[in-house]
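Take a look at the structure below.
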Amino acid sequence: MMNKFYFADQVLTASGWANNVKIEVTNGVISQIQVGKTSQGCQLLNGPVLPGMVNLHSHAFQRAMAGLAEVCLDPKDSFWSWRDLMYGLVAKLTPDQVRKIATHLYIEMLKAGYTQVAEFHYLHHQQSGQAYDNPAEMALHVRQAAVDAGIGQTLLPVLYSHSGFGGQAPSPTQARFIHNLDAYLRLQEQLGKNMDVLRHNQGLCFHSLRAVTKSQIETALTSLPQDWPVHIHIAEQMKEVNDCVAWSGQRPVEWLANQVGFDARWCLIHATHVNEQEVKTIANSQAVVGLCPSTEANLGDGIFPITDLVAQSGRLGIGSDSHVCVSVAEELRLLEYGQRLRDQQRNRVYSSDQPSVGDFIYQASALGGNAACNISTGIRVGSRADFITLDISHPLLAAAKPEQLINRWIFGINHNPVNDVFVAGEQVVVSGKHKLEENASGALVKSLKELLS
């Protein structure tokens with residue numbers, strides 16, 4: 001048994017801000033929290049301490065194209081034309097390149113304050129569409145990137161079999177994604193072996209309703225562990241909604257609720273275009289809505305009605321999806337500002353118990369991310385010891401009371417104040433630096449030059 005002791009002047013615990021806090025960590029898990037203590041025998045934590053954030057939706061390889069699709073080649077440019085560009089990148093990627101892209105990305109995430117990532121992984125096969133000699137080759141490279149960076153990871157291998165609703169045949173550009181159900185179940189079984197269960201787990205993932213059939217969903221749900229999280233892209237674009245209505249007579253969330261059902265295990269990614277009844281259904285189910293504000297803005301997806309979900313005690317979390325930015329603060333800021341722009345009002349996402357917008361969206365997103373990854377982090381006894389410290393040298397932070405810090409960070413400053421980062425009690429970022437970042441940056445540059453030459 002390995003015990004570690006940490007001390008901080010100010011800590012945001014599960015029950016609120018506390019002073020002079022001693023945190024005991026046993027084998028990577030918080031075993032005791034004591035308030036009003038001294039620092040004797042403890043590692044001192046430099047700055048206010050917050051729970052780490054969960055990034056509940058990531059396509060790591062897409063980081064390689066961030067900023068390269070911002071040239072208008074079509075007056076009707078949309079998600080679907082962006083997807084064609086993304087498919088061009090997909091056609092070139094090797095497992096080694098994917099690992100290098102993911103390693104650098106995960107270091108960026110840690111430095112931003114994310115301590116767990118849900119990797120929605122659908123790039124499975126060789127360029128020809130044939131499986132690698134080891135069918136888990138690509139997924140294992142993505143997992144190794146998480147191991148090397150030191151971030152927690154929920155690996156979500158994606159079942160992707162079709163190109164459109166009703167089981168339409170996949171296109172040649174989708175060949176690297178495609179699995180039949182039996183091969184997918186074998187992949188999941190293989191990935192469950194030799195895994196560091198404290199930092200890494202896995203879940204069940206359907207790309208979208210247009211990519212799988214009802215029978216595939218039902219068989220996968222009954223064949224894999226019942227406590228695994230379940231993720232799916234849904235209702236991101238109006239074309240998807242319209243195509244679903246044309247196929248089934250129902251909207252995507254409506255169809256999923258009526259034909260399959262979903263509950264608190266599920267994470268509905270984007271769910272942008274939902275009506276009042278669908279929001280009510282989601283809230284009642286306690287499924288987590290996975291919002292990716294920077295990507296949704298970049299792709300022109302639309303604005304999810306967060307205020308309606310929160311008013312009905314629904315759950316939400318944040319992800320950086322295509323990684324056009326890697327910033328906890330920016331995702332949360334855009335989440336709130338989207339509602340303000342839509343409603344032409346201020347201070348939209350909060351609760352009667354927590355009127356501070358920053359505190360509410362930070363803590364709600366961390367809790368929703370925990371649920372979406374089937375993990376327990378946060379500064380509470382029994383949770384994995386994931387936490388971050390803030391550098392408060394900026395005058396706005398230095399003068400802030402503890403209850404003002406998160407609002408100042410999200411809405412008041414332009415730099416990243418994350419100082420130190422701990423995952424399962426191990427320090428992976430020290431004074432804003434990661435031990436692998438220099439090597440990871442060099443490897444990424446080499447890979448990008450290969451890909452884009």
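Convention: chains lettered A, B, ... in structure tokens order; per-chain residue numbering from 1; ligands numbered from 1 as shown.
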
With a cut-off of 8 Å, could you pull out the residues of region 356-435 of chain A touching region 192-205 of chain A and give me the nearest pair of atoms for each, distance in Å to one decimal, using only C-alpha atoms, ordered by chain and ascending number, as JSON lines?
{"residue": "A:Cys373", "atom": "CA", "partner": "A:Gly203", "partner_atom": "CA", "distance": 7.8}
{"residue": "A:Arg384", "atom": "CA", "partner": "A:Leu198", "partner_atom": "CA", "distance": 7.7}
{"residue": "A:Ala424", "atom": "CA", "partner": "A:Arg199", "partner_atom": "CA", "distance": 7.1}

Counting only C-alpha atoms, what is within 9 Å of region 64-67 of chain A, bar same-chain residues fewer than 6 positions away, as an MDAnalysis selection string?
-> chainID A and resid 85:86 89 101 322:325 444 448 451

Near Gly314 (chain A), within 9 Å and counting only C-alpha atoms, which residues show up once chain neighbours fewer than 5 positions away are dropped, as a list in words?
->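 Neighbouring residues, sequence-local ones excluded: Val279, Lys280, Ile282, Ala283, Asn284, Ser285, Gln286, Ala287, Val288, Val289, Ile306, Asp308 and Leu309 of chain A.
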
Using N, CA and C atoms, can you write the selected residues to a file as a JSON list (two decimals), in the first residue's frame?
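File written: selection_5.json
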[["chain", "number", "residue", "atom", "x", "y", "z"],
["A", 279, "VAL", "N", -35.88, 16.91, -25.07],
["A", 279, "VAL", "CA", -35.12, 17.39, -23.92],
["A", 279, "VAL", "C", -35.67, 16.79, -22.65],
["A", 280, "LYS", "N", -36.98, 16.75, -22.53],
["A", 280, "LYS", "CA", -37.61, 16.16, -21.34],
["A", 280, "LYS", "C", -37.25, 14.69, -21.21],
["A", 282, "ILE", "N", -34.57, 13.17, -22.39],
["A", 282, "ILE", "CA", -33.16, 13.07, -22.00],
["A", 282, "ILE", "C", -32.99, 13.35, -20.52],
["A", 283, "ALA", "N", -33.60, 14.43, -20.03],
["A", 283, "ALA", "CA", -33.46, 14.80, -18.63],
["A", 283, "ALA", "C", -34.01, 13.70, -17.72],
["A", 284, "ASN", "N", -35.15, 13.15, -18.06],
["A", 284, "ASN", "CA", -35.75, 12.10, -17.24],
["A", 284, "ASN", "C", -34.90, 10.83, -17.22],
["A", 285, "SER", "N", -34.22, 10.56, -18.32],
["A", 285, "SER", "CA", -33.40, 9.34, -18.41],
["A", 285, "SER", "C", -32.11, 9.47, -17.62],
["A", 286, "GLN", "N", -31.67, 10.72, -17.36],
["A", 286, "GLN", "CA", -30.38, 11.03, -16.75],
["A", 286, "GLN", "C", -29.20, 10.65, -17.63],
["A", 287, "ALA", "N", -29.44, 10.45, -18.93],
["A", 287, "ALA", "CA", -28.34, 10.36, -19.88],
["A", 287, "ALA", "C", -27.57, 11.68, -19.88],
["A", 288, "VAL", "N", -26.28, 11.62, -20.12],
["A", 288, "VAL", "CA", -25.45, 12.82, -20.18],
["A", 288, "VAL", "C", -25.45, 13.34, -21.61],
["A", 289, "VAL", "N", -25.66, 14.64, -21.76],
["A", 289, "VAL", "CA", -25.50, 15.27, -23.08],
["A", 289, "VAL", "C", -24.05, 15.73, -23.20],
["A", 306, "ILE", "N", -29.25, 24.22, -23.56],
["A", 306, "ILE", "CA", -28.73, 23.81, -22.24],
["A", 306, "ILE", "C", -29.63, 24.29, -21.12],
["A", 308, "ASP", "N", -32.78, 24.64, -20.97],
["A", 308, "ASP", "CA", -33.95, 23.77, -20.80],
["A", 308, "ASP", "C", -33.57, 22.46, -20.11],
["A", 309, "LEU", "N", -32.40, 21.91, -20.47],
["A", 309, "LEU", "CA", -31.94, 20.67, -19.84],
["A", 309, "LEU", "C", -31.67, 20.89, -18.36]]

Tell me which of A:Ile107, A:Ala385, A:Leu187, A:Ile217 sits closest to Gly28 (chain A), counting only C-alpha atoms.
->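 Nearest candidate to Gly28 (chain A) out of A:Ile107, A:Ala385, A:Leu187, A:Ile217: A:Ala385.
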
Region 140-200 of chain A: residues DSSP assigns to alpha helix (DSSP H), reported as a VMD selection string = chain A and resid 140 to 149 181 to 191

Output for the residues just chosen: C-alpha atoms as a PDB file, in the first residue's frame:
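again38.pdb, written as the output of this step:
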ATOM      1  CA  LEU A 140      -3.695   0.079 -28.832  1.00  0.00           C
ATOM      2  CA  HIS A 141      -1.624   2.944 -30.243  1.00  0.00           C
ATOM      3  CA  VAL A 142      -4.258   5.378 -28.978  1.00  0.00           C
ATOM      4  CA  ARG A 143      -4.224   3.720 -25.574  1.00  0.00           C
ATOM      5  CA  GLN A 144      -0.428   3.833 -25.470  1.00  0.00           C
ATOM      6  CA  ALA A 145      -0.590   7.570 -26.112  1.00  0.00           C
ATOM      7  CA  ALA A 146      -2.696   7.936 -22.959  1.00  0.00           C
ATOM      8  CA  VAL A 147      -0.262   5.768 -20.984  1.00  0.00           C
ATOM      9  CA  ASP A 148       2.725   7.796 -22.178  1.00  0.00           C
ATOM     10  CA  ALA A 149       1.081  11.149 -21.479  1.00  0.00           C
ATOM     11  CA  LEU A 181     -20.813  -6.940 -35.110  1.00  0.00           C
ATOM     12  CA  ASP A 182     -18.824 -10.133 -34.464  1.00  0.00           C
ATOM     13  CA  ALA A 183     -15.495  -8.464 -35.270  1.00  0.00           C
ATOM     14  CA  TYR A 184     -16.443  -5.529 -33.079  1.00  0.00           C
ATOM     15  CA  LEU A 185     -17.210  -7.735 -30.091  1.00  0.00           C
ATOM     16  CA  ARG A 186     -13.876  -9.532 -30.532  1.00  0.00           C
ATOM     17  CA  LEU A 187     -12.089  -6.158 -30.602  1.00  0.00           C
ATOM     18  CA  GLN A 188     -13.743  -5.156 -27.337  1.00  0.00           C
ATOM     19  CA  GLU A 189     -12.715  -8.435 -25.725  1.00  0.00           C
ATOM     20  CA  GLN A 190      -9.105  -7.998 -26.826  1.00  0.00           C
ATOM     21  CA  LEU A 191      -8.914  -4.416 -25.515  1.00  0.00           C
TER      22      LEU A 191
END

Give me the residues within 10 Å of Arg83 (chain A) as a PyMOL selection string, counting only C-alpha atoms and dropping any in the same chain fewer than 5 places off.
-> chain A and resi 69+78+88-89+299

Going by DSSP on the backbone, which bits of region 66-287 of chain A are strand (DSSP E or B)? Write them as JSON, numbers by chain, please.
-> {"A": [114, 115, 116, 117, 118, 119, 120, 121, 152, 153, 154, 155, 156, 157, 158, 159, 200, 201, 202, 204, 205, 206, 230, 231, 232, 233, 234, 266, 267, 268, 269, 270]}

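The nearest approach to Gly290 (chain A) among the residues A:Asn27, A:Thr272, A:Asn3, A:Ser453, with only C-alpha atoms taken into account, belongs to A:Thr272.
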
Residue contacts of Ile30 (chain A) (9 Å, only C-alpha atoms) excluding same-chain residues fewer than 5 positions away, as a ChimeraX atom specification | /A:23-25,379-386,424-425

Could you take the residues named above and write them with C-alpha atoms, as a CSV table (one decimal), in the first residue's frame?
chain,number,residue,atom,x,y,z
A,23,ILE,CA,-5.4,15.2,1.3
A,24,GLU,CA,-4.3,11.6,1.8
A,25,VAL,CA,-4.0,9.4,-1.3
A,379,ILE,CA,-11.9,15.9,-4.4
A,380,ARG,CA,-13.9,13.4,-2.3
A,381,VAL,CA,-13.0,10.3,-0.4
A,382,GLY,CA,-13.1,7.2,-2.6
A,383,SER,CA,-12.5,9.1,-5.8
A,384,ARG,CA,-9.4,8.8,-8.0
A,385,ALA,CA,-7.0,11.5,-6.9
A,386,ASP,CA,-7.2,13.8,-10.0
A,424,ALA,CA,-4.4,9.1,-9.7
A,425,GLY,CA,-2.1,11.0,-7.2
